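Trainee: Sharing work.pdb, PDB, C-alpha atoms:
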ATOM      1  CA  MET A  22     -27.374 -43.383  29.807
ATOM      2  CA  LYS A  23     -29.142 -41.913  26.787
ATOM      3  CA  SER A  24     -29.884 -38.634  28.526
ATOM      4  CA  LYS A  25     -26.172 -38.227  29.349
ATOM      5  CA  THR A  26     -25.251 -38.802  25.678
ATOM      6  CA  VAL A  27     -27.911 -36.327  24.571
ATOM      7  CA  LYS A  28     -26.592 -33.707  27.038
ATOM      8  CA  ILE A  29     -23.029 -34.169  25.736
ATOM      9  CA  PHE A  30     -24.252 -33.937  22.146
ATOM     10  CA  ILE A  31     -26.207 -30.757  22.914
ATOM     11  CA  SER A  32     -23.212 -29.255  24.737
ATOM     12  CA  ILE A  33     -20.946 -29.965  21.758
ATOM     13  CA  LEU A  34     -23.531 -28.578  19.346
ATOM     14  CA  ILE A  35     -23.904 -25.367  21.375
ATOM     15  CA  ALA A  36     -20.117 -24.978  21.565
ATOM     16  CA  GLN A  37     -19.837 -25.375  17.786
ATOM     17  CA  ILE A  38     -22.607 -22.845  17.158
ATOM     18  CA  LEU A  39     -20.940 -20.330  19.476
ATOM     19  CA  PHE A  40     -17.558 -20.919  17.843
ATOM     20  CA  ILE A  41     -18.979 -20.389  14.369
ATOM     21  CA  SER A  42     -20.943 -17.279  15.317
ATOM     22  CA  VAL A  43     -17.975 -15.442  16.866
ATOM     23  CA  PRO A  44     -16.442 -13.119  14.269
ATOM     24  CA  SER A  45     -12.937 -14.022  13.266
ATOM     25  CA  TYR A  46     -10.327 -11.377  12.667
ATOM     26  CA  SER A  47      -7.132 -11.850  10.781
ATOM     27  CA  TYR A  48      -4.264 -10.364  12.716
ATOM     28  CA  ALA A  49      -1.973 -10.856   9.731
ATOM     29  CA  ARG A  50      -3.930  -8.532   7.450
ATOM     30  CA  ASP A  51      -1.877  -7.037   4.691
ATOM     31  CA  THR A  52      -1.144  -3.352   4.890
ATOM     32  CA  LEU A  53      -0.130  -0.978   2.127
ATOM     33  CA  TYR A  54       2.547   1.413   3.377
ATOM     34  CA  ILE A  55       3.344   4.747   1.747
ATOM     35  CA  ILE A  56       6.914   5.547   2.762
ATOM     36  CA  THR A  57       9.557   8.244   2.529
ATOM     37  CA  ASN A  58      13.016   8.895   3.962
ATOM     38  CA  THR A  59      13.324   9.897   7.627
ATOM     39  CA  LYS A  60      15.290  13.011   6.607
ATOM     40  CA  ASN A  61      12.269  14.242   4.693
ATOM     41  CA  PRO A  62      10.446  16.741   6.930
ATOM     42  CA  THR A  63       7.066  15.457   5.681
ATOM     43  CA  TYR A  64       5.502  13.072   8.198
ATOM     44  CA  SER A  65       2.089  12.530   6.640
ATOM     45  CA  LEU A  66       0.280  13.122   3.369
ATOM     46  CA  SER A  67      -3.315  12.939   2.269
ATOM     47  CA  LYS A  68      -4.378  10.386  -0.320
ATOM     48  CA  GLN A  69      -4.911  13.311  -2.691
ATOM     49  CA  ASP A  70      -1.321  14.539  -2.190
ATOM     50  CA  ILE A  71       0.043  11.035  -2.833
ATOM     51  CA  GLN A  72      -2.168  10.665  -5.891
ATOM     52  CA  ASN A  73      -1.016  14.033  -7.269
ATOM     53  CA  ILE A  74       2.656  13.151  -6.780
ATOM     54  CA  PHE A  75       2.374   9.751  -8.496
ATOM     55  CA  LEU A  76       0.278  11.170 -11.353
ATOM     56  CA  GLY A  77       2.781  13.966 -11.985
ATOM     57  CA  LYS A  78       0.322  16.727 -11.105
ATOM     58  CA  ILE A  79       2.727  18.066  -8.492
ATOM     59  CA  GLN A  80       6.482  17.549  -8.219
ATOM     60  CA  SER A  81       7.015  18.423  -4.571
ATOM     61  CA  PHE A  82       5.889  17.638  -1.065
ATOM     62  CA  PRO A  83       3.610  20.191   0.629
ATOM     63  CA  ASN A  84       6.697  21.692   2.318
ATOM     64  CA  GLY A  85       8.184  22.523  -1.105
ATOM     65  CA  LYS A  86      10.870  19.804  -1.097
ATOM     66  CA  PRO A  87      11.091  17.848  -4.388
ATOM     67  CA  ALA A  88       9.207  14.542  -4.500
ATOM     68  CA  LYS A  89      10.584  11.620  -6.489
ATOM     69  CA  PRO A  90       7.978   8.853  -6.680
ATOM     70  CA  ILE A  91       9.207   5.319  -7.233
ATOM     71  CA  ASN A  92       6.949   2.602  -8.513
ATOM     72  CA  LEU A  93       6.862  -1.169  -8.368
ATOM     73  CA  SER A  94       6.615  -3.114 -11.619
ATOM     74  CA  LYS A  95       3.365  -4.013 -13.283
ATOM     75  CA  GLY A  96       1.779  -7.171 -11.908
ATOM     76  CA  THR A  97       2.946  -6.879  -8.298
ATOM     77  CA  ALA A  98       0.338  -7.091  -5.531
ATOM     78  CA  SER A  99       1.651  -3.858  -4.018
ATOM     79  CA  ARG A 100       1.199  -1.963  -7.274
ATOM     80  CA  GLU A 101      -2.303  -3.330  -7.838
ATOM     81  CA  ALA A 102      -3.328  -2.333  -4.302
ATOM     82  CA  PHE A 103      -1.733   1.112  -4.702
ATOM     83  CA  MET A 104      -3.497   1.696  -8.016
ATOM     84  CA  LYS A 105      -6.840   0.664  -6.533
ATOM     85  CA  LYS A 106      -6.615   2.337  -3.110
ATOM     86  CA  ILE A 107      -4.689   5.526  -3.896
ATOM     87  CA  LEU A 108      -4.701   6.283  -7.614
ATOM     88  CA  LYS A 109      -8.205   4.943  -8.310
ATOM     89  CA  LYS A 110      -6.914   3.735 -11.676
ATOM     90  CA  ASN A 111      -6.332   0.452 -13.426
ATOM     91  CA  GLU A 112      -3.171  -0.366 -15.349
ATOM     92  CA  ARG A 113      -4.604   0.735 -18.697
ATOM     93  CA  SER A 114      -5.731   4.175 -17.491
ATOM     94  CA  TRP A 115      -2.380   4.610 -15.680
ATOM     95  CA  ARG A 116      -0.453   3.921 -18.891
ATOM     96  CA  SER A 117      -2.773   6.168 -20.903
ATOM     97  CA  HIS A 118      -2.335   9.023 -18.411
ATOM     98  CA  TRP A 119       1.449   8.857 -18.635
ATOM     99  CA  ALA A 120       1.447   8.422 -22.416
ATOM    100  CA  ARG A 121      -0.416  11.752 -22.709
ATOM    101  CA  LEU A 122       2.037  13.492 -20.375
ATOM    102  CA  LEU A 123       5.056  12.061 -22.214
ATOM    103  CA  PHE A 124       3.627  13.028 -25.612
ATOM    104  CA  THR A 125       2.994  16.609 -24.507
ATOM    105  CA  GLY A 126       6.355  16.859 -22.745
ATOM    106  CA  LYS A 127       4.738  17.487 -19.365
ATOM    107  CA  GLY A 128       6.349  14.676 -17.441
ATOM    108  CA  LYS A 129       7.828  11.218 -17.161
ATOM    109  CA  PRO A 130       6.283   8.347 -15.198
ATOM    110  CA  PRO A 131       7.905   7.254 -11.951
ATOM    111  CA  LYS A 132      10.778   4.840 -12.365
ATOM    112  CA  GLU A 133       9.769   1.202 -11.855
ATOM    113  CA  TYR A 134      11.493  -1.470  -9.799
ATOM    114  CA  LYS A 135      10.846  -5.211  -9.623
ATOM    115  CA  GLU A 136      11.550  -5.909  -5.950
ATOM    116  CA  ARG A 137      10.089  -4.389  -2.815
ATOM    117  CA  GLN A 138      13.577  -4.385  -1.276
ATOM    118  CA  GLU A 139      14.717  -2.025  -4.046
ATOM    119  CA  ILE A 140      11.955   0.394  -3.019
ATOM    120  CA  ILE A 141      12.990   0.159   0.638
ATOM    121  CA  ASN A 142      16.673   0.708  -0.225
ATOM    122  CA  LEU A 143      15.977   3.695  -2.470
ATOM    123  CA  VAL A 144      13.672   5.357   0.026
ATOM    124  CA  ALA A 145      16.203   4.762   2.813
ATOM    125  CA  GLN A 146      18.952   6.392   0.688
ATOM    126  CA  LYS A 147      17.155   9.320  -0.965
ATOM    127  CA  GLU A 148      15.525  12.101   1.047
ATOM    128  CA  GLN A 149      13.136  13.062  -1.747
ATOM    129  CA  ALA A 150      11.946   9.502  -2.528
ATOM    130  CA  ILE A 151       8.385   8.369  -1.938
ATOM    131  CA  GLY A 152       7.312   4.787  -2.521
ATOM    132  CA  TYR A 153       4.862   2.123  -1.463
ATOM    133  CA  LEU A 154       4.778  -1.554  -0.606
ATOM    134  CA  ILE A 155       2.721  -4.254   1.041
ATOM    135  CA  GLY A 156       4.070  -6.271   3.937
ATOM    136  CA  ASN A 157       6.195  -5.803   6.982
ATOM    137  CA  ILE A 158       8.759  -3.054   7.022
ATOM    138  CA  ASP A 159      11.520  -2.326   9.478
ATOM    139  CA  LYS A 160      10.323   0.879  11.080
ATOM    140  CA  ASN A 161      13.764   1.418  12.619
ATOM    141  CA  SER A 162      15.454   1.909   9.240
ATOM    142  CA  ASN A 163      15.720   5.263   7.456
ATOM    143  CA  ILE A 164      12.045   5.088   6.517
ATOM    144  CA  THR A 165       9.085   7.140   7.660
ATOM    145  CA  VAL A 166       5.625   5.690   7.134
ATOM    146  CA  LEU A 167       3.434   8.444   5.709
ATOM    147  CA  MET A 168       0.282   6.339   5.525
ATOM    148  CA  GLU A 169      -0.920   2.831   6.329
ATOM    149  CA  ILE A 170      -3.883   1.418   4.420
ATOM    150  CA  PRO A 171      -5.383  -1.991   5.297
ATOM    151  CA  ILE A 172      -5.867  -4.209   2.257
ATOM    152  CA  ASP A 173      -9.123  -6.163   2.162
TER     153      ASP A 173
END
What do you get writing this file as structure tokens?
Mentor:
Amino acid sequence: MKSKTVKIFISILIAQILFISVPSYSYARDTLYIITNTKNPTYSLSKQDIQNIFLGKIQSFPNGKPAKPINLSKGTASREAFMKKILKKNERSWRSHWARLLFTGKGKPPKEYKERQEIINLVAQKEQAIGYLIGNIDKNSNITVLMEIPID
């Protein structure tokens, strides 16, 4: 009887070790989407292009069409991820950058919105809009996904 109990114990132990050692993947990983309107003829951009548009270094898409970046408000997860992954800036350096441009008359920062749905609505309505957000988006709306970036 003891050998049967030991065999069951060993079998359970082996099963637990195998279960623990198998890598787990999260299928609900967050993704940062860079989006524009479907009428915009731009279908992809490099990180550098996106960075240049949101930092006011360029005012148009590579095809020459005007680009109007729209930003989420400070403190949102989407904005923090965008700053880290695309702009490579923190909030302080972002504000400092735009303060210099405003002071010298070389540009205004992108308009800010509190809700991700506002970003989706604006991008769906305006051909020249470019925005970002984390989470699921309806890919059948008037939105083209320019880039998808997994968030760790």
Trainee: Between A:Gln146, A:Ile56, A:Asp51, A:Gly152, which is the closest to Val166 (chain A) once you count only C-alpha atoms?
Mentor: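 Of A:Gln146, A:Ile56, A:Asp51, A:Gly152, the one nearest Val166 (chain A) is A:Ile56, counting only C-alpha atoms.
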Trainee: Could you put an axis-aligned box around every listed atom of region 73-77 of chain A, padded by 8 Å on each side, and send me its centre and edge lengths in Å to one decimal, as JSON?
Mentor:
{"center_x": 0.9, "center_y": 11.9, "center_z": -9.4, "size_x": 19.8, "size_y": 20.3, "size_z": 21.2}
Trainee: Within 7 Å of region 81-89 of chain A, counting all atoms listed in the file, which residues qualify if same-chain residues fewer than 4 places away don't, as a list of chain:residue names?
Mentor: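 In the requested form, the answer reads A:Gln149, A:Ala150, A:Ile151.
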Trainee: Mind writing the picked residues with C-alpha atoms as a PDB file, in the coordinates of the input?
Mentor:
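Written out: result36.pdb:
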ATOM      1  CA  GLN A 149      13.136  13.062  -1.747  1.00  0.00           C
ATOM      2  CA  ALA A 150      11.946   9.502  -2.528  1.00  0.00           C
ATOM      3  CA  ILE A 151       8.385   8.369  -1.938  1.00  0.00           C
TER       4      ILE A 151
END
Trainee: Would you list the contacts of Asn58 (chain A) as a list in words, taking every protein, DNA or RNA residue within 7 Å and counting only C-alpha atoms, but skipping same-chain residues closer than 3 positions in sequence?
Mentor: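 Once the adjacent positions are removed, what remains is Asn61, Val144, Ala145, Lys147, Glu148, Ala150, Asn163, Ile164 and Thr165 of chain A.
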Trainee: Take CA of Asp70 (chain A) and CA of Met168 (chain A) and report the distance between them in Å, one decimal.
Mentor: 11.4 Å
Trainee: Starting from the PyMOL selection byres ((chain A and resi 129) around 12), expand the selection into actual residues of this file and give them as a PDB file with C-alpha atoms, in the coordinates of the input.
Mentor:
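Once written, selection.pdb looks like this:
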ATOM      1  CA  ILE A  74       2.656  13.151  -6.780  1.00  0.00           C
ATOM      2  CA  PHE A  75       2.374   9.751  -8.496  1.00  0.00           C
ATOM      3  CA  LEU A  76       0.278  11.170 -11.353  1.00  0.00           C
ATOM      4  CA  GLY A  77       2.781  13.966 -11.985  1.00  0.00           C
ATOM      5  CA  LYS A  78       0.322  16.727 -11.105  1.00  0.00           C
ATOM      6  CA  GLN A  80       6.482  17.549  -8.219  1.00  0.00           C
ATOM      7  CA  LYS A  89      10.584  11.620  -6.489  1.00  0.00           C
ATOM      8  CA  PRO A  90       7.978   8.853  -6.680  1.00  0.00           C
ATOM      9  CA  ILE A  91       9.207   5.319  -7.233  1.00  0.00           C
ATOM     10  CA  ARG A 116      -0.453   3.921 -18.891  1.00  0.00           C
ATOM     11  CA  HIS A 118      -2.335   9.023 -18.411  1.00  0.00           C
ATOM     12  CA  TRP A 119       1.449   8.857 -18.635  1.00  0.00           C
ATOM     13  CA  ALA A 120       1.447   8.422 -22.416  1.00  0.00           C
ATOM     14  CA  ARG A 121      -0.416  11.752 -22.709  1.00  0.00           C
ATOM     15  CA  LEU A 122       2.037  13.492 -20.375  1.00  0.00           C
ATOM     16  CA  LEU A 123       5.056  12.061 -22.214  1.00  0.00           C
ATOM     17  CA  PHE A 124       3.627  13.028 -25.612  1.00  0.00           C
ATOM     18  CA  THR A 125       2.994  16.609 -24.507  1.00  0.00           C
ATOM     19  CA  GLY A 126       6.355  16.859 -22.745  1.00  0.00           C
ATOM     20  CA  LYS A 127       4.738  17.487 -19.365  1.00  0.00           C
ATOM     21  CA  GLY A 128       6.349  14.676 -17.441  1.00  0.00           C
ATOM     22  CA  PRO A 130       6.283   8.347 -15.198  1.00  0.00           C
ATOM     23  CA  PRO A 131       7.905   7.254 -11.951  1.00  0.00           C
ATOM     24  CA  LYS A 132      10.778   4.840 -12.365  1.00  0.00           C
ATOM     25  CA  GLU A 133       9.769   1.202 -11.855  1.00  0.00           C
TER      26      GLU A 133
END
Trainee: Provide region 101-125 of chain A rebuilt to N, CA, C and O atoms, formatted as a PDB file, in the frame of the given file.
Mentor:
ATOM      1  N   GLU A 101      -0.859  -3.201  -7.617  1.00  0.00           N
ATOM      2  CA  GLU A 101      -2.303  -3.330  -7.838  1.00  0.00           C
ATOM      3  C   GLU A 101      -3.092  -2.694  -6.696  1.00  0.00           C
ATOM      4  O   GLU A 101      -4.065  -1.982  -6.927  1.00  0.00           O
ATOM      5  N   ALA A 102      -2.652  -2.929  -5.460  1.00  0.00           N
ATOM      6  CA  ALA A 102      -3.328  -2.333  -4.302  1.00  0.00           C
ATOM      7  C   ALA A 102      -3.177  -0.813  -4.313  1.00  0.00           C
ATOM      8  O   ALA A 102      -4.130  -0.082  -4.038  1.00  0.00           O
ATOM      9  N   PHE A 103      -1.983  -0.330  -4.646  1.00  0.00           N
ATOM     10  CA  PHE A 103      -1.733   1.112  -4.702  1.00  0.00           C
ATOM     11  C   PHE A 103      -2.603   1.773  -5.762  1.00  0.00           C
ATOM     12  O   PHE A 103      -3.203   2.813  -5.521  1.00  0.00           O
ATOM     13  N   MET A 104      -2.670   1.152  -6.931  1.00  0.00           N
ATOM     14  CA  MET A 104      -3.497   1.696  -8.016  1.00  0.00           C
ATOM     15  C   MET A 104      -4.965   1.774  -7.580  1.00  0.00           C
ATOM     16  O   MET A 104      -5.641   2.772  -7.833  1.00  0.00           O
ATOM     17  N   LYS A 105      -5.434   0.730  -6.940  1.00  0.00           N
ATOM     18  CA  LYS A 105      -6.840   0.664  -6.533  1.00  0.00           C
ATOM     19  C   LYS A 105      -7.137   1.622  -5.384  1.00  0.00           C
ATOM     20  O   LYS A 105      -8.097   2.387  -5.436  1.00  0.00           O
ATOM     21  N   LYS A 106      -6.327   1.586  -4.333  1.00  0.00           N
ATOM     22  CA  LYS A 106      -6.615   2.337  -3.110  1.00  0.00           C
ATOM     23  C   LYS A 106      -6.236   3.815  -3.179  1.00  0.00           C
ATOM     24  O   LYS A 106      -6.908   4.646  -2.584  1.00  0.00           O
ATOM     25  N   ILE A 107      -5.166   4.143  -3.873  1.00  0.00           N
ATOM     26  CA  ILE A 107      -4.689   5.526  -3.896  1.00  0.00           C
ATOM     27  C   ILE A 107      -4.996   6.214  -5.222  1.00  0.00           C
ATOM     28  O   ILE A 107      -5.607   7.271  -5.254  1.00  0.00           O
ATOM     29  N   LEU A 108      -4.563   5.613  -6.319  1.00  0.00           N
ATOM     30  CA  LEU A 108      -4.701   6.283  -7.614  1.00  0.00           C
ATOM     31  C   LEU A 108      -6.091   6.175  -8.218  1.00  0.00           C
ATOM     32  O   LEU A 108      -6.442   6.945  -9.101  1.00  0.00           O
ATOM     33  N   LYS A 109      -6.858   5.181  -7.766  1.00  0.00           N
ATOM     34  CA  LYS A 109      -8.205   4.943  -8.310  1.00  0.00           C
ATOM     35  C   LYS A 109      -8.143   4.742  -9.822  1.00  0.00           C
ATOM     36  O   LYS A 109      -8.964   5.235 -10.574  1.00  0.00           O
ATOM     37  N   LYS A 110      -7.117   4.018 -10.253  1.00  0.00           N
ATOM     38  CA  LYS A 110      -6.914   3.735 -11.676  1.00  0.00           C
ATOM     39  C   LYS A 110      -6.569   2.263 -11.857  1.00  0.00           C
ATOM     40  O   LYS A 110      -6.046   1.628 -10.954  1.00  0.00           O
ATOM     41  N   ASN A 111      -6.824   1.778 -13.070  1.00  0.00           N
ATOM     42  CA  ASN A 111      -6.332   0.452 -13.426  1.00  0.00           C
ATOM     43  C   ASN A 111      -5.066   0.648 -14.264  1.00  0.00           C
ATOM     44  O   ASN A 111      -4.682   1.781 -14.580  1.00  0.00           O
ATOM     45  N   GLU A 112      -4.446  -0.443 -14.617  1.00  0.00           N
ATOM     46  CA  GLU A 112      -3.171  -0.366 -15.349  1.00  0.00           C
ATOM     47  C   GLU A 112      -3.320   0.370 -16.682  1.00  0.00           C
ATOM     48  O   GLU A 112      -2.472   1.181 -17.049  1.00  0.00           O
ATOM     49  N   ARG A 113      -4.396   0.103 -17.376  1.00  0.00           N
ATOM     50  CA  ARG A 113      -4.604   0.735 -18.697  1.00  0.00           C
ATOM     51  C   ARG A 113      -4.737   2.253 -18.575  1.00  0.00           C
ATOM     52  O   ARG A 113      -4.101   2.999 -19.323  1.00  0.00           O
ATOM     53  N   SER A 114      -5.555   2.720 -17.619  1.00  0.00           N
ATOM     54  CA  SER A 114      -5.731   4.175 -17.491  1.00  0.00           C
ATOM     55  C   SER A 114      -4.452   4.837 -16.966  1.00  0.00           C
ATOM     56  O   SER A 114      -4.147   5.978 -17.322  1.00  0.00           O
ATOM     57  N   TRP A 115      -3.679   4.104 -16.152  1.00  0.00           N
ATOM     58  CA  TRP A 115      -2.380   4.610 -15.680  1.00  0.00           C
ATOM     59  C   TRP A 115      -1.446   4.834 -16.867  1.00  0.00           C
ATOM     60  O   TRP A 115      -0.837   5.882 -17.024  1.00  0.00           O
ATOM     61  N   ARG A 116      -1.334   3.823 -17.710  1.00  0.00           N
ATOM     62  CA  ARG A 116      -0.453   3.921 -18.891  1.00  0.00           C
ATOM     63  C   ARG A 116      -0.918   5.034 -19.833  1.00  0.00           C
ATOM     64  O   ARG A 116      -0.103   5.776 -20.380  1.00  0.00           O
ATOM     65  N   SER A 117      -2.207   5.141 -20.035  1.00  0.00           N
ATOM     66  CA  SER A 117      -2.773   6.168 -20.903  1.00  0.00           C
ATOM     67  C   SER A 117      -2.460   7.572 -20.362  1.00  0.00           C
ATOM     68  O   SER A 117      -2.087   8.477 -21.115  1.00  0.00           O
ATOM     69  N   HIS A 118      -2.623   7.738 -19.058  1.00  0.00           N
ATOM     70  CA  HIS A 118      -2.335   9.023 -18.411  1.00  0.00           C
ATOM     71  C   HIS A 118      -0.893   9.444 -18.686  1.00  0.00           C
ATOM     72  O   HIS A 118      -0.629  10.575 -19.108  1.00  0.00           O
ATOM     73  N   TRP A 119       0.041   8.515 -18.457  1.00  0.00           N
ATOM     74  CA  TRP A 119       1.449   8.857 -18.635  1.00  0.00           C
ATOM     75  C   TRP A 119       1.836   8.982 -20.102  1.00  0.00           C
ATOM     76  O   TRP A 119       2.727   9.764 -20.439  1.00  0.00           O
ATOM     77  N   ALA A 120       1.176   8.269 -20.979  1.00  0.00           N
ATOM     78  CA  ALA A 120       1.447   8.422 -22.416  1.00  0.00           C
ATOM     79  C   ALA A 120       1.111   9.846 -22.862  1.00  0.00           C
ATOM     80  O   ALA A 120       1.864  10.466 -23.626  1.00  0.00           O
ATOM     81  N   ARG A 121      -0.026  10.368 -22.371  1.00  0.00           N
ATOM     82  CA  ARG A 121      -0.416  11.752 -22.709  1.00  0.00           C
ATOM     83  C   ARG A 121       0.619  12.751 -22.195  1.00  0.00           C
ATOM     84  O   ARG A 121       1.008  13.685 -22.899  1.00  0.00           O
ATOM     85  N   LEU A 122       1.059  12.561 -20.941  1.00  0.00           N
ATOM     86  CA  LEU A 122       2.037  13.492 -20.375  1.00  0.00           C
ATOM     87  C   LEU A 122       3.372  13.419 -21.104  1.00  0.00           C
ATOM     88  O   LEU A 122       4.008  14.449 -21.350  1.00  0.00           O
ATOM     89  N   LEU A 123       3.806  12.215 -21.467  1.00  0.00           N
ATOM     90  CA  LEU A 123       5.056  12.061 -22.214  1.00  0.00           C
ATOM     91  C   LEU A 123       4.954  12.721 -23.589  1.00  0.00           C
ATOM     92  O   LEU A 123       5.864  13.429 -24.022  1.00  0.00           O
ATOM     93  N   PHE A 124       3.836  12.496 -24.266  1.00  0.00           N
ATOM     94  CA  PHE A 124       3.627  13.028 -25.612  1.00  0.00           C
ATOM     95  C   PHE A 124       3.650  14.557 -25.612  1.00  0.00           C
ATOM     96  O   PHE A 124       4.193  15.186 -26.513  1.00  0.00           O
ATOM     97  N   THR A 125       3.058  15.147 -24.578  1.00  0.00           N
ATOM     98  CA  THR A 125       2.994  16.609 -24.507  1.00  0.00           C
ATOM     99  C   THR A 125       4.224  17.218 -23.841  1.00  0.00           C
ATOM    100  O   THR A 125       4.334  18.431 -23.738  1.00  0.00           O
TER     101      THR A 125
END
